[in-house]
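Shown here: final-v3.cif, mmCIF, C-alpha atoms and all ligand atoms.
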```
data_entry
loop_
_atom_site.group_PDB
_atom_site.id
_atom_site.type_symbol
_atom_site.label_atom_id
_atom_site.label_comp_id
_atom_site.auth_asym_id
_atom_site.auth_seq_id
_atom_site.Cartn_x
_atom_site.Cartn_y
_atom_site.Cartn_z
ATOM 1 C CA MET A 1 117.318 41.199 105.567
ATOM 2 C CA THR A 2 116.511 44.371 107.479
ATOM 3 C CA LYS A 3 119.536 45.730 109.312
ATOM 4 C CA LEU A 4 119.447 47.161 112.816
ATOM 5 C CA SER A 5 121.491 50.318 113.294
ATOM 6 C CA VAL A 6 121.760 51.341 116.937
ATOM 7 C CA ASN A 7 121.704 55.072 117.566
ATOM 8 C CA ILE A 8 124.071 55.685 120.497
ATOM 9 C CA ASN A 9 123.297 59.366 121.142
ATOM 10 C CA LYS A 10 121.631 58.535 124.462
ATOM 11 C CA VAL A 11 124.777 56.795 125.662
ATOM 12 C CA ALA A 12 126.728 59.984 124.977
ATOM 13 C CA THR A 13 124.081 62.031 126.813
ATOM 14 C CA LEU A 14 124.600 59.858 129.880
ATOM 15 C CA ARG A 15 128.373 60.158 129.636
ATOM 16 C CA ASN A 16 128.222 63.939 129.245
ATOM 17 C CA ALA A 17 126.138 64.253 132.414
ATOM 18 C CA ARG A 18 129.249 63.687 134.536
ATOM 19 C CA GLY A 19 132.016 65.013 132.324
ATOM 20 C CA GLY A 20 134.139 61.847 132.441
ATOM 21 C CA ASN A 21 134.179 58.862 130.127
ATOM 22 C CA VAL A 22 131.521 56.662 131.736
ATOM 23 C CA PRO A 23 129.830 55.041 129.945
ATOM 24 C CA ASN A 24 132.456 54.753 127.242
ATOM 25 C CA VAL A 25 130.688 55.481 123.960
ATOM 26 C CA VAL A 26 133.198 53.589 121.817
ATOM 27 C CA LYS A 27 133.011 50.490 124.028
ATOM 28 C CA VAL A 28 129.211 50.540 123.958
ATOM 29 C CA ALA A 29 129.273 50.807 120.151
ATOM 30 C CA LEU A 30 131.662 47.861 119.857
ATOM 31 C CA ASP A 31 129.555 45.860 122.314
ATOM 32 C CA CYS A 32 126.411 46.628 120.270
ATOM 33 C CA GLU A 33 128.222 45.208 117.251
ATOM 34 C CA SER A 34 129.343 42.083 119.075
ATOM 35 C CA PHE A 35 125.790 41.568 120.397
ATOM 36 C CA GLY A 36 124.450 41.577 116.819
ATOM 37 C CA ALA A 37 123.828 45.178 115.732
ATOM 38 C CA ASP A 38 124.374 45.651 111.999
ATOM 39 C CA GLY A 39 125.353 49.281 112.275
ATOM 40 C CA ILE A 40 125.935 52.265 114.520
ATOM 41 C CA THR A 41 124.284 55.667 114.084
ATOM 42 C CA VAL A 42 125.402 58.962 115.567
ATOM 43 C CA HIS A 43 123.975 62.450 115.323
ATOM 44 C CA PRO A 44 126.684 65.001 116.119
ATOM 45 C CA ARG A 45 125.070 68.365 116.821
ATOM 46 C CA PRO A 46 126.842 71.719 116.790
ATOM 47 C CA ASP A 47 126.493 72.109 120.599
ATOM 48 C CA GLU A 48 127.950 68.586 121.135
ATOM 49 C CA ARG A 49 125.272 67.907 123.720
ATOM 50 C CA HIS A 50 125.490 64.191 123.071
ATOM 51 C CA ILE A 51 127.831 62.835 120.372
ATOM 52 C CA ARG A 52 130.925 65.002 119.962
ATOM 53 C CA ARG A 53 133.020 65.499 116.848
ATOM 54 C CA ALA A 54 135.841 63.644 118.601
ATOM 55 C CA ASP A 55 133.564 60.613 119.146
ATOM 56 C CA VAL A 56 132.912 60.434 115.422
ATOM 57 C CA PHE A 57 136.645 60.298 114.660
ATOM 58 C CA ASP A 58 137.251 57.783 117.478
ATOM 59 C CA LEU A 59 134.519 55.454 116.266
ATOM 60 C CA ARG A 60 135.350 55.430 112.546
ATOM 61 C CA PRO A 61 138.430 53.149 112.494
ATOM 62 C CA LEU A 62 137.126 50.809 115.188
ATOM 63 C CA LEU A 63 133.672 49.898 113.911
ATOM 64 C CA HIS A 64 133.268 46.670 111.951
ATOM 65 C CA THR A 65 129.699 47.295 110.810
ATOM 66 C CA GLU A 66 128.005 50.156 108.967
ATOM 67 C CA PHE A 67 128.591 53.629 110.297
ATOM 68 C CA ASN A 68 125.758 56.098 109.702
ATOM 69 C CA ILE A 69 126.144 59.786 110.521
ATOM 70 C CA GLU A 70 122.954 61.819 110.580
ATOM 71 C CA GLY A 71 122.505 65.545 110.863
ATOM 72 C CA TYR A 72 121.605 68.844 109.307
ATOM 73 C CA PRO A 73 123.969 69.523 106.378
ATOM 74 C CA SER A 74 125.599 72.723 107.601
ATOM 75 C CA ASN A 75 129.066 73.445 106.185
ATOM 76 C CA GLU A 76 130.647 72.053 109.374
ATOM 77 C CA PHE A 77 128.588 68.863 109.152
ATOM 78 C CA VAL A 78 129.392 68.329 105.470
ATOM 79 C CA ASP A 79 133.126 68.831 106.150
ATOM 80 C CA LEU A 80 133.020 66.393 109.071
ATOM 81 C CA VAL A 81 131.268 63.691 107.045
ATOM 82 C CA LEU A 82 133.603 64.121 104.063
ATOM 83 C CA LYS A 83 136.599 63.752 106.393
ATOM 84 C CA VAL A 84 135.261 60.740 108.265
ATOM 85 C CA LYS A 85 133.757 58.986 105.219
ATOM 86 C CA PRO A 86 131.128 56.825 106.922
ATOM 87 C CA HIS A 87 129.209 54.191 104.955
ATOM 88 C CA GLN A 88 126.104 56.341 105.009
ATOM 89 C CA VAL A 89 125.062 59.907 105.717
ATOM 90 C CA THR A 90 121.456 60.716 106.614
ATOM 91 C CA LEU A 91 120.310 64.266 106.068
ATOM 92 C CA VAL A 92 117.813 65.595 108.603
ATOM 93 C CA PRO A 93 116.245 69.048 108.494
ATOM 94 C CA ASP A 94 116.412 69.938 112.184
ATOM 95 C CA GLU A 95 117.663 73.161 113.663
ATOM 96 C CA PRO A 96 120.593 72.962 116.133
ATOM 97 C CA SER A 97 118.342 73.811 119.101
ATOM 98 C CA GLN A 98 115.824 71.034 118.476
ATOM 99 C CA LEU A 99 115.538 68.336 121.116
ATOM 100 C CA THR A 100 115.229 65.636 118.458
ATOM 101 C CA SER A 101 114.242 65.401 114.798
ATOM 102 C CA ASN A 102 110.530 66.052 114.574
ATOM 103 C CA ALA A 103 109.858 66.230 110.838
ATOM 104 C CA GLY A 104 111.155 65.065 107.513
ATOM 105 C CA TRP A 105 112.488 67.305 104.757
ATOM 106 C CA ASP A 106 110.267 69.202 102.421
ATOM 107 C CA THR A 107 112.237 67.737 99.523
ATOM 108 C CA LYS A 108 110.256 69.732 96.977
ATOM 109 C CA ALA A 109 110.939 73.149 98.527
ATOM 110 C CA ASN A 110 114.588 72.219 99.233
ATOM 111 C CA LEU A 111 115.255 70.399 95.963
ATOM 112 C CA THR A 112 118.132 72.622 94.820
ATOM 113 C CA PHE A 113 119.855 72.660 98.215
ATOM 114 C CA LEU A 114 119.524 68.894 98.663
ATOM 115 C CA THR A 115 120.702 68.201 95.114
ATOM 116 C CA GLU A 116 123.900 70.193 95.725
ATOM 117 C CA VAL A 117 124.636 68.586 99.087
ATOM 118 C CA LEU A 118 123.870 65.060 97.904
ATOM 119 C CA GLU A 119 126.163 65.489 94.925
ATOM 120 C CA ARG A 120 129.091 66.223 97.240
ATOM 121 C CA PHE A 121 128.489 63.037 99.210
ATOM 122 C CA ASN A 122 127.767 60.958 96.117
ATOM 123 C CA ASN A 123 131.068 62.134 94.572
ATOM 124 C CA ALA A 124 132.858 61.053 97.751
ATOM 125 C CA GLY A 125 131.330 57.553 97.510
ATOM 126 C CA ILE A 126 129.226 57.941 100.656
ATOM 127 C CA ARG A 127 125.746 56.415 100.480
ATOM 128 C CA THR A 128 123.094 59.049 101.069
ATOM 129 C CA SER A 129 119.753 58.890 102.800
ATOM 130 C CA VAL A 130 117.191 61.679 103.197
ATOM 131 C CA PHE A 131 114.817 61.770 106.155
ATOM 132 C CA VAL A 132 111.236 62.237 104.922
ATOM 133 C CA ALA A 133 107.666 61.840 106.099
ATOM 134 C CA ALA A 134 105.599 58.979 104.696
ATOM 135 C CA ASP A 135 104.534 61.112 101.750
ATOM 136 C CA VAL A 136 104.903 59.887 98.179
ATOM 137 C CA GLU A 137 105.644 63.366 96.831
ATOM 138 C CA MET A 138 108.490 63.829 99.339
ATOM 139 C CA VAL A 139 109.923 60.433 98.378
ATOM 140 C CA GLU A 140 109.733 61.327 94.681
ATOM 141 C CA HIS A 141 111.609 64.587 95.204
ATOM 142 C CA ALA A 142 114.267 62.868 97.303
ATOM 143 C CA ALA A 143 114.868 60.611 94.294
ATOM 144 C CA LYS A 144 114.975 63.662 92.010
ATOM 145 C CA ALA A 145 117.599 65.256 94.275
ATOM 146 C CA GLY A 146 119.835 62.202 93.842
ATOM 147 C CA ALA A 147 119.426 60.361 97.152
ATOM 148 C CA ASP A 148 120.346 56.671 97.323
ATOM 149 C CA ARG A 149 117.793 56.037 100.050
ATOM 150 C CA VAL A 150 115.042 57.674 102.053
ATOM 151 C CA GLU A 151 114.563 57.224 105.778
ATOM 152 C CA LEU A 152 110.883 57.310 106.689
ATOM 153 C CA TYR A 153 110.103 59.330 109.813
ATOM 154 C CA THR A 154 108.154 56.794 111.869
ATOM 155 C CA GLU A 155 107.007 58.903 114.823
ATOM 156 C CA PRO A 156 103.442 59.239 113.422
ATOM 157 C CA TYR A 157 103.347 55.453 112.971
ATOM 158 C CA ALA A 158 104.509 54.859 116.541
ATOM 159 C CA THR A 159 101.954 57.297 117.951
ATOM 160 C CA LEU A 160 98.952 55.853 116.142
ATOM 161 C CA TYR A 161 100.045 52.192 116.383
ATOM 162 C CA PRO A 162 98.494 51.363 119.792
ATOM 163 C CA LYS A 163 95.078 52.614 118.646
ATOM 164 C CA ASP A 164 94.987 51.456 115.036
ATOM 165 C CA PRO A 165 98.019 49.594 113.693
ATOM 166 C CA GLU A 166 96.573 49.137 110.205
ATOM 167 C CA ALA A 167 95.812 52.837 109.726
ATOM 168 C CA ALA A 168 99.160 53.724 111.307
ATOM 169 C CA VAL A 169 101.214 51.732 108.836
ATOM 170 C CA ALA A 170 99.142 52.408 105.688
ATOM 171 C CA PRO A 171 100.861 55.657 104.560
ATOM 172 C CA PHE A 172 104.251 54.054 105.240
ATOM 173 C CA VAL A 173 103.432 51.137 102.951
ATOM 174 C CA GLU A 174 102.499 53.597 100.197
ATOM 175 C CA ALA A 175 105.669 55.658 100.667
ATOM 176 C CA ALA A 176 107.755 52.471 100.809
ATOM 177 C CA LYS A 177 106.204 51.231 97.559
ATOM 178 C CA ALA A 178 107.024 54.570 95.931
ATOM 179 C CA ALA A 179 110.632 54.276 97.091
ATOM 180 C CA ARG A 180 110.860 50.756 95.674
ATOM 181 C CA ARG A 181 109.334 51.864 92.359
ATOM 182 C CA LEU A 182 111.891 54.678 92.115
ATOM 183 C CA GLY A 183 114.813 52.358 92.877
ATOM 184 C CA LEU A 184 115.542 53.987 96.231
ATOM 185 C CA GLY A 185 116.788 52.062 99.231
ATOM 186 C CA LEU A 186 114.601 52.331 102.313
ATOM 187 C CA ASN A 187 115.429 53.118 105.939
ATOM 188 C CA ALA A 188 113.089 53.938 108.802
ATOM 189 C CA GLY A 189 113.453 55.443 112.213
ATOM 190 C CA HIS A 190 112.149 57.436 115.162
ATOM 191 C CA ASP A 191 110.181 56.006 118.057
ATOM 192 C CA LEU A 192 110.447 52.438 116.824
ATOM 193 C CA SER A 193 110.378 50.040 119.763
ATOM 194 C CA LEU A 194 109.839 46.434 120.820
ATOM 195 C CA VAL A 195 106.121 47.271 120.870
ATOM 196 C CA ASN A 196 105.752 48.460 117.278
ATOM 197 C CA LEU A 197 108.751 47.184 115.282
ATOM 198 C CA SER A 198 107.543 43.677 114.325
ATOM 199 C CA TYR A 199 104.305 44.943 112.840
ATOM 200 C CA PHE A 200 106.129 47.613 110.843
ATOM 201 C CA HIS A 201 108.601 45.065 109.510
ATOM 202 C CA GLN A 202 105.866 42.592 108.572
ATOM 203 C CA ALA A 203 104.043 45.324 106.634
ATOM 204 C CA ILE A 204 107.223 46.515 104.869
ATOM 205 C CA PRO A 205 109.671 43.593 104.843
ATOM 206 C CA TRP A 206 111.865 45.268 102.214
ATOM 207 C CA VAL A 207 113.081 47.951 104.632
ATOM 208 C CA ASP A 208 116.878 47.962 104.343
ATOM 209 C CA GLU A 209 117.624 49.400 107.773
ATOM 210 C CA VAL A 210 115.938 50.645 110.915
ATOM 211 C CA SER A 211 117.729 53.151 113.110
ATOM 212 C CA ILE A 212 116.738 52.933 116.767
ATOM 213 C CA GLY A 213 118.023 54.799 119.799
ATOM 214 C CA HIS A 214 115.771 55.990 122.590
ATOM 215 C CA ALA A 215 113.624 52.903 123.151
ATOM 216 C CA LEU A 216 116.489 50.464 122.648
ATOM 217 C CA ILE A 217 118.833 52.132 125.121
ATOM 218 C CA SER A 218 115.925 52.451 127.590
ATOM 219 C CA ASP A 219 115.063 48.752 127.218
ATOM 220 C CA ALA A 220 118.698 47.924 127.919
ATOM 221 C CA LEU A 221 118.245 49.280 131.472
ATOM 222 C CA TYR A 222 115.866 46.395 132.150
ATOM 223 C CA LEU A 223 117.033 43.643 129.811
ATOM 224 C CA GLY A 224 120.712 44.421 129.413
ATOM 225 C CA LEU A 225 122.236 45.486 126.108
ATOM 226 C CA GLN A 226 122.887 42.004 124.747
ATOM 227 C CA GLN A 227 119.368 40.677 125.293
ATOM 228 C CA THR A 228 117.838 43.945 124.098
ATOM 229 C CA ILE A 229 119.674 43.831 120.791
ATOM 230 C CA GLN A 230 118.685 40.203 120.333
ATOM 231 C CA GLU A 231 115.025 41.082 121.002
ATOM 232 C CA TYR A 232 115.108 43.865 118.410
ATOM 233 C CA LYS A 233 116.767 41.543 115.894
ATOM 234 C CA LYS A 234 113.976 38.990 116.468
ATOM 235 C CA CYS A 235 111.440 41.651 115.451
ATOM 236 C CA LEU A 236 113.203 41.866 112.083
ATOM 237 C CA LEU A 237 113.151 38.145 111.221
HETATM 238 N N1 LIG B 1 116.420 58.611 112.674
HETATM 239 C C1 LIG B 1 116.674 59.935 112.780
HETATM 240 C C2 LIG B 1 116.868 60.725 111.540
HETATM 241 C C3 LIG B 1 116.795 60.542 114.043
HETATM 242 O O1 LIG B 1 117.057 61.855 114.142
HETATM 243 C C4 LIG B 1 116.643 59.754 115.209
HETATM 244 C C5 LIG B 1 116.815 60.368 116.560
HETATM 245 O O2 LIG B 1 118.108 60.837 116.711
HETATM 246 C C6 LIG B 1 116.378 58.380 115.036
HETATM 247 C C7 LIG B 1 116.257 57.844 113.767
HETATM 248 C C8 LIG B 1 116.214 57.464 116.202
HETATM 249 O O3 LIG B 1 115.043 57.792 116.894
HETATM 250 P P1 LIG B 1 114.769 57.152 118.325
HETATM 251 O O4 LIG B 1 115.833 57.652 119.248
HETATM 252 O O5 LIG B 1 113.394 57.623 118.680
HETATM 253 O O6 LIG B 1 114.839 55.653 118.141
#
```

Taking this structure as input, can you express it in the form of structure tokens?
Amino acid sequence: MTKLSVNINKVATLRNARGGNVPNVVKVALDCESFGADGITVHPRPDERHIRRADVFDLRPLLHTEFNIEGYPSNEFVDLVLKVKPHQVTLVPDEPSQLTSNAGWDTKANLTFLTEVLERFNNAGIRTSVFVAADVEMVEHAAKAGADRVELYTEPYATLYPKDPEAAVAPFVEAAKAARRLGLGLNAGHDLSLVNLSYFHQAIPWVDEVSIGHALISDALYLGLQQTIQEYKKCLL
């Protein structure tokens, strides 16, 4: 079964726009769970422009599903994750100023750094995932560094999908096969949507988890959160 982890950063962005507590990020996360989400993802950034450190601590004891914290492994981020002990940490290579993640790790060039960071999380019993492009060499070096899983960066798939779905998914199938051969778990995320998710899942049914934020929260404006989550879950059957 492929799990759906809902990334709630956008909900925090909306809340932060007015400085109060509307919408309530914790309530939305709990509602996502009760509507069928299998996990919640957050990406606390140093400038706290969406999810804040305090949100991460608030969410941890209340969630009933899998908690995934993603981010660049700065010292502050590593300390936060080790304190909070989520089920999974996803390492992304983005700079603090970036609008959103726009590339996977060069796991070959960063092998030593990633190996050291992953060891700290592995020793703490936190499952690790490394965000990579659909590139077999990057998957292989994530395995070498000691990752439990890779998360495939699906933006290039989403962009090409409307024109040529088969060509769009092909490199992802190859990278996913490499992950399976190496005994790595497999996640995927970025720009997945109701338009492109079913096809991706049919091509790679052994994906463990998809992490979806922007499109899902946007769809909820039209469909409501409950129906939206059910629609995304249907794409994963
Ligand atoms: N995975 C990672 C590593 C991300 O950084 C993001 C965006 O925060 C996502 C998944 C979700 O992407 P989207 O918001 O486009 O669904």

Requested in this report: Please write the residues picked by the PyMOL selection byres (((not hetatm)) within 9 of (chain B and resi 1)) on this file as a PyMOL selection string.
Outcome: chain A and resi 6-10+41-43+70-71+90-94+100-104+130-132+151-155+187-193+210-217

Query raised in the report: atom CA of Arg149 of chain A and atom CA of Ser34 of chain A are how many Å apart?
Result: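 For atom CA of Arg149 of chain A relative to atom CA of Ser34 of chain A, the distance reads 26.3 Å.
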
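Residues in contact with Lys233 of chain A at 8 Å, where all atoms listed in the file are counted and same-chain residues fewer than 4 positions away are skipped, are listed as Leu4, Gly36, Ala37, Ile229 and Leu237 of chain A.
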
Write out as JSON an axis-aligned box for segment 218-237 of chain A: all of its atoms listed in the file, 6 Å added on each side, centre and edge lengths in Å with one decimal.
```
{"center_x": 117.2, "center_y": 45.3, "center_z": 121.7, "size_x": 23.4, "size_y": 26.3, "size_z": 32.9}
```

Query raised in the report: In Å, how far is it from atom CA of Glu174 of chain A to atom CA of Asp135 of chain A?
Result: 7.9 Å

Query raised in the report: Given the choices A:His50, A:Val26, A:Ala167, A:Asp31, which gets closest to Ala12 of chain A if the distance is worked out from all atoms listed in the file?
Result: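 For Ala12 of chain A, the nearest of the given residues is A:His50.
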
Requested in this report: Select, from A:Arg180, A:Glu116, A:His64, A:Val28, the residue with the minimum atom-to-atom distance to Gly224 of chain A, counting only C-alpha atoms.
Outcome: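 Nearest candidate to Gly224 of chain A out of A:Arg180, A:Glu116, A:His64, A:Val28: A:Val28.
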
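Minimum distance to Ala109 of chain A across A:Asn123, A:Glu137, A:Phe35, A:Val89 (counting all atoms listed in the file) occurs at A:Glu137.
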
Query raised in the report: Hey, can you check how far atom CA of Pro44 of chain A sits from atom CA of Ala17 of chain A?
Result: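 That distance, rounded to one decimal, is 16.3 Å.
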
Report task. Apply the PyMOL selection byres (((chain A and resi 24) around 12) and not hetatm) to the displayed file and report the matching residues as a list in words. Result ->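 Taken on the displayed file, the PyMOL selection byres (((chain A and resi 24) around 12) and not hetatm) yields the residues Ile8, Asn9, Lys10, Val11, Ala12, Thr13, Leu14, Arg15, Asn16, Arg18, Gly19, Gly20, Asn21, Val22, Pro23, Val25, Val26, Lys27, Val28, Ala29, Leu30, Asp31, Ile51, Asp55, Asp58 and Leu59 of chain A.
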
I need the chosen residues saved as a short mmCIF file (atom, residue, chain, number, x, y, z; two decimals), keeping the file's coordinate frame, with C-alpha atoms.
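Output (result-v9.cif):
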```
data_model
loop_
_atom_site.label_atom_id
_atom_site.label_comp_id
_atom_site.auth_asym_id
_atom_site.auth_seq_id
_atom_site.Cartn_x
_atom_site.Cartn_y
_atom_site.Cartn_z
CA ILE A 8 124.07 55.68 120.50
CA ASN A 9 123.30 59.37 121.14
CA LYS A 10 121.63 58.54 124.46
CA VAL A 11 124.78 56.80 125.66
CA ALA A 12 126.73 59.98 124.98
CA THR A 13 124.08 62.03 126.81
CA LEU A 14 124.60 59.86 129.88
CA ARG A 15 128.37 60.16 129.64
CA ASN A 16 128.22 63.94 129.24
CA ARG A 18 129.25 63.69 134.54
CA GLY A 19 132.02 65.01 132.32
CA GLY A 20 134.14 61.85 132.44
CA ASN A 21 134.18 58.86 130.13
CA VAL A 22 131.52 56.66 131.74
CA PRO A 23 129.83 55.04 129.94
CA VAL A 25 130.69 55.48 123.96
CA VAL A 26 133.20 53.59 121.82
CA LYS A 27 133.01 50.49 124.03
CA VAL A 28 129.21 50.54 123.96
CA ALA A 29 129.27 50.81 120.15
CA LEU A 30 131.66 47.86 119.86
CA ASP A 31 129.56 45.86 122.31
CA ILE A 51 127.83 62.84 120.37
CA ASP A 55 133.56 60.61 119.15
CA ASP A 58 137.25 57.78 117.48
CA LEU A 59 134.52 55.45 116.27
#
```

Requested in this report: Apply the PyMOL selection byres (((chain A and resi 107) around 7) and not hetatm) to the file shown and report the selected residues as a VMD selection string.
Outcome: chain A and resid 105 to 106 108 to 111 138 141 to 142

With C-alpha atoms retained, export the selected residues as a JSON list (two decimals), in the coordinates of the input.
```json
[["chain", "number", "residue", "atom", "x", "y", "z"],
["A", 105, "TRP", "CA", 112.49, 67.31, 104.76],
["A", 106, "ASP", "CA", 110.27, 69.20, 102.42],
["A", 108, "LYS", "CA", 110.26, 69.73, 96.98],
["A", 109, "ALA", "CA", 110.94, 73.15, 98.53],
["A", 110, "ASN", "CA", 114.59, 72.22, 99.23],
["A", 111, "LEU", "CA", 115.26, 70.40, 95.96],
["A", 138, "MET", "CA", 108.49, 63.83, 99.34],
["A", 141, "HIS", "CA", 111.61, 64.59, 95.20],
["A", 142, "ALA", "CA", 114.27, 62.87, 97.30]]
```

Query raised in the report: Between A:Glu33, A:Glu166, A:Thr128, A:Ala220, which one has atoms that come closest to Ala203 of chain A, using all atoms listed in the file?
Result: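 Going through A:Glu33, A:Glu166, A:Thr128, A:Ala220 one by one, the smallest distance to Ala203 of chain A is for A:Glu166.
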
Query raised in the report: Which residues come within 12 Å of Val195 of chain A, counting only C-alpha atoms, excluding same-chain residues fewer than 2 positions away, as a list in words?
Result: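 The residues that qualify are Tyr157, Ala158, Thr159, Tyr161, Pro162, Pro165, Asp191, Leu192, Ser193, Leu197, Ser198, Tyr199, Phe200, His201, Ala215, Leu216, Asp219, Glu231, Tyr232 and Cys235 of chain A.
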
Requested in this report: Find the residue from A:Glu209, A:Val169, A:Leu186, A:Ala54 that sits nearest to Ile40 of chain A; use all atoms listed in the file when measuring.
Outcome: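 When distances to Ile40 of chain A are compared using all atoms listed in the file, the smallest one comes from A:Glu209.
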
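The residue that comes closest to Thr112 of chain A, out of A:Val136, A:Thr2, A:Glu95, A:Gly146 and on the basis of all atoms listed in the file, is A:Gly146.
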
Could you produce a table of the residues of segment 36-61 of chain A lying within 9 Å of segment 76-83 of chain A, with the nearest pair of atoms per residue and their separation in Å rounded to one decimal, using only C-alpha atoms, ordered by chain and increasing residue number, as a Markdown table?
```
| residue | atom | partner | partner_atom | distance |
| --- | --- | --- | --- | --- |
| A:Pro44 | CA | A:Phe77 | CA | 8.2 |
| A:Arg45 | CA | A:Phe77 | CA | 8.5 |
| A:Pro46 | CA | A:Phe77 | CA | 8.3 |
| A:Arg53 | CA | A:Leu80 | CA | 7.8 |
| A:Val56 | CA | A:Leu80 | CA | 8.7 |
| A:Phe57 | CA | A:Lys83 | CA | 9.0 |
```
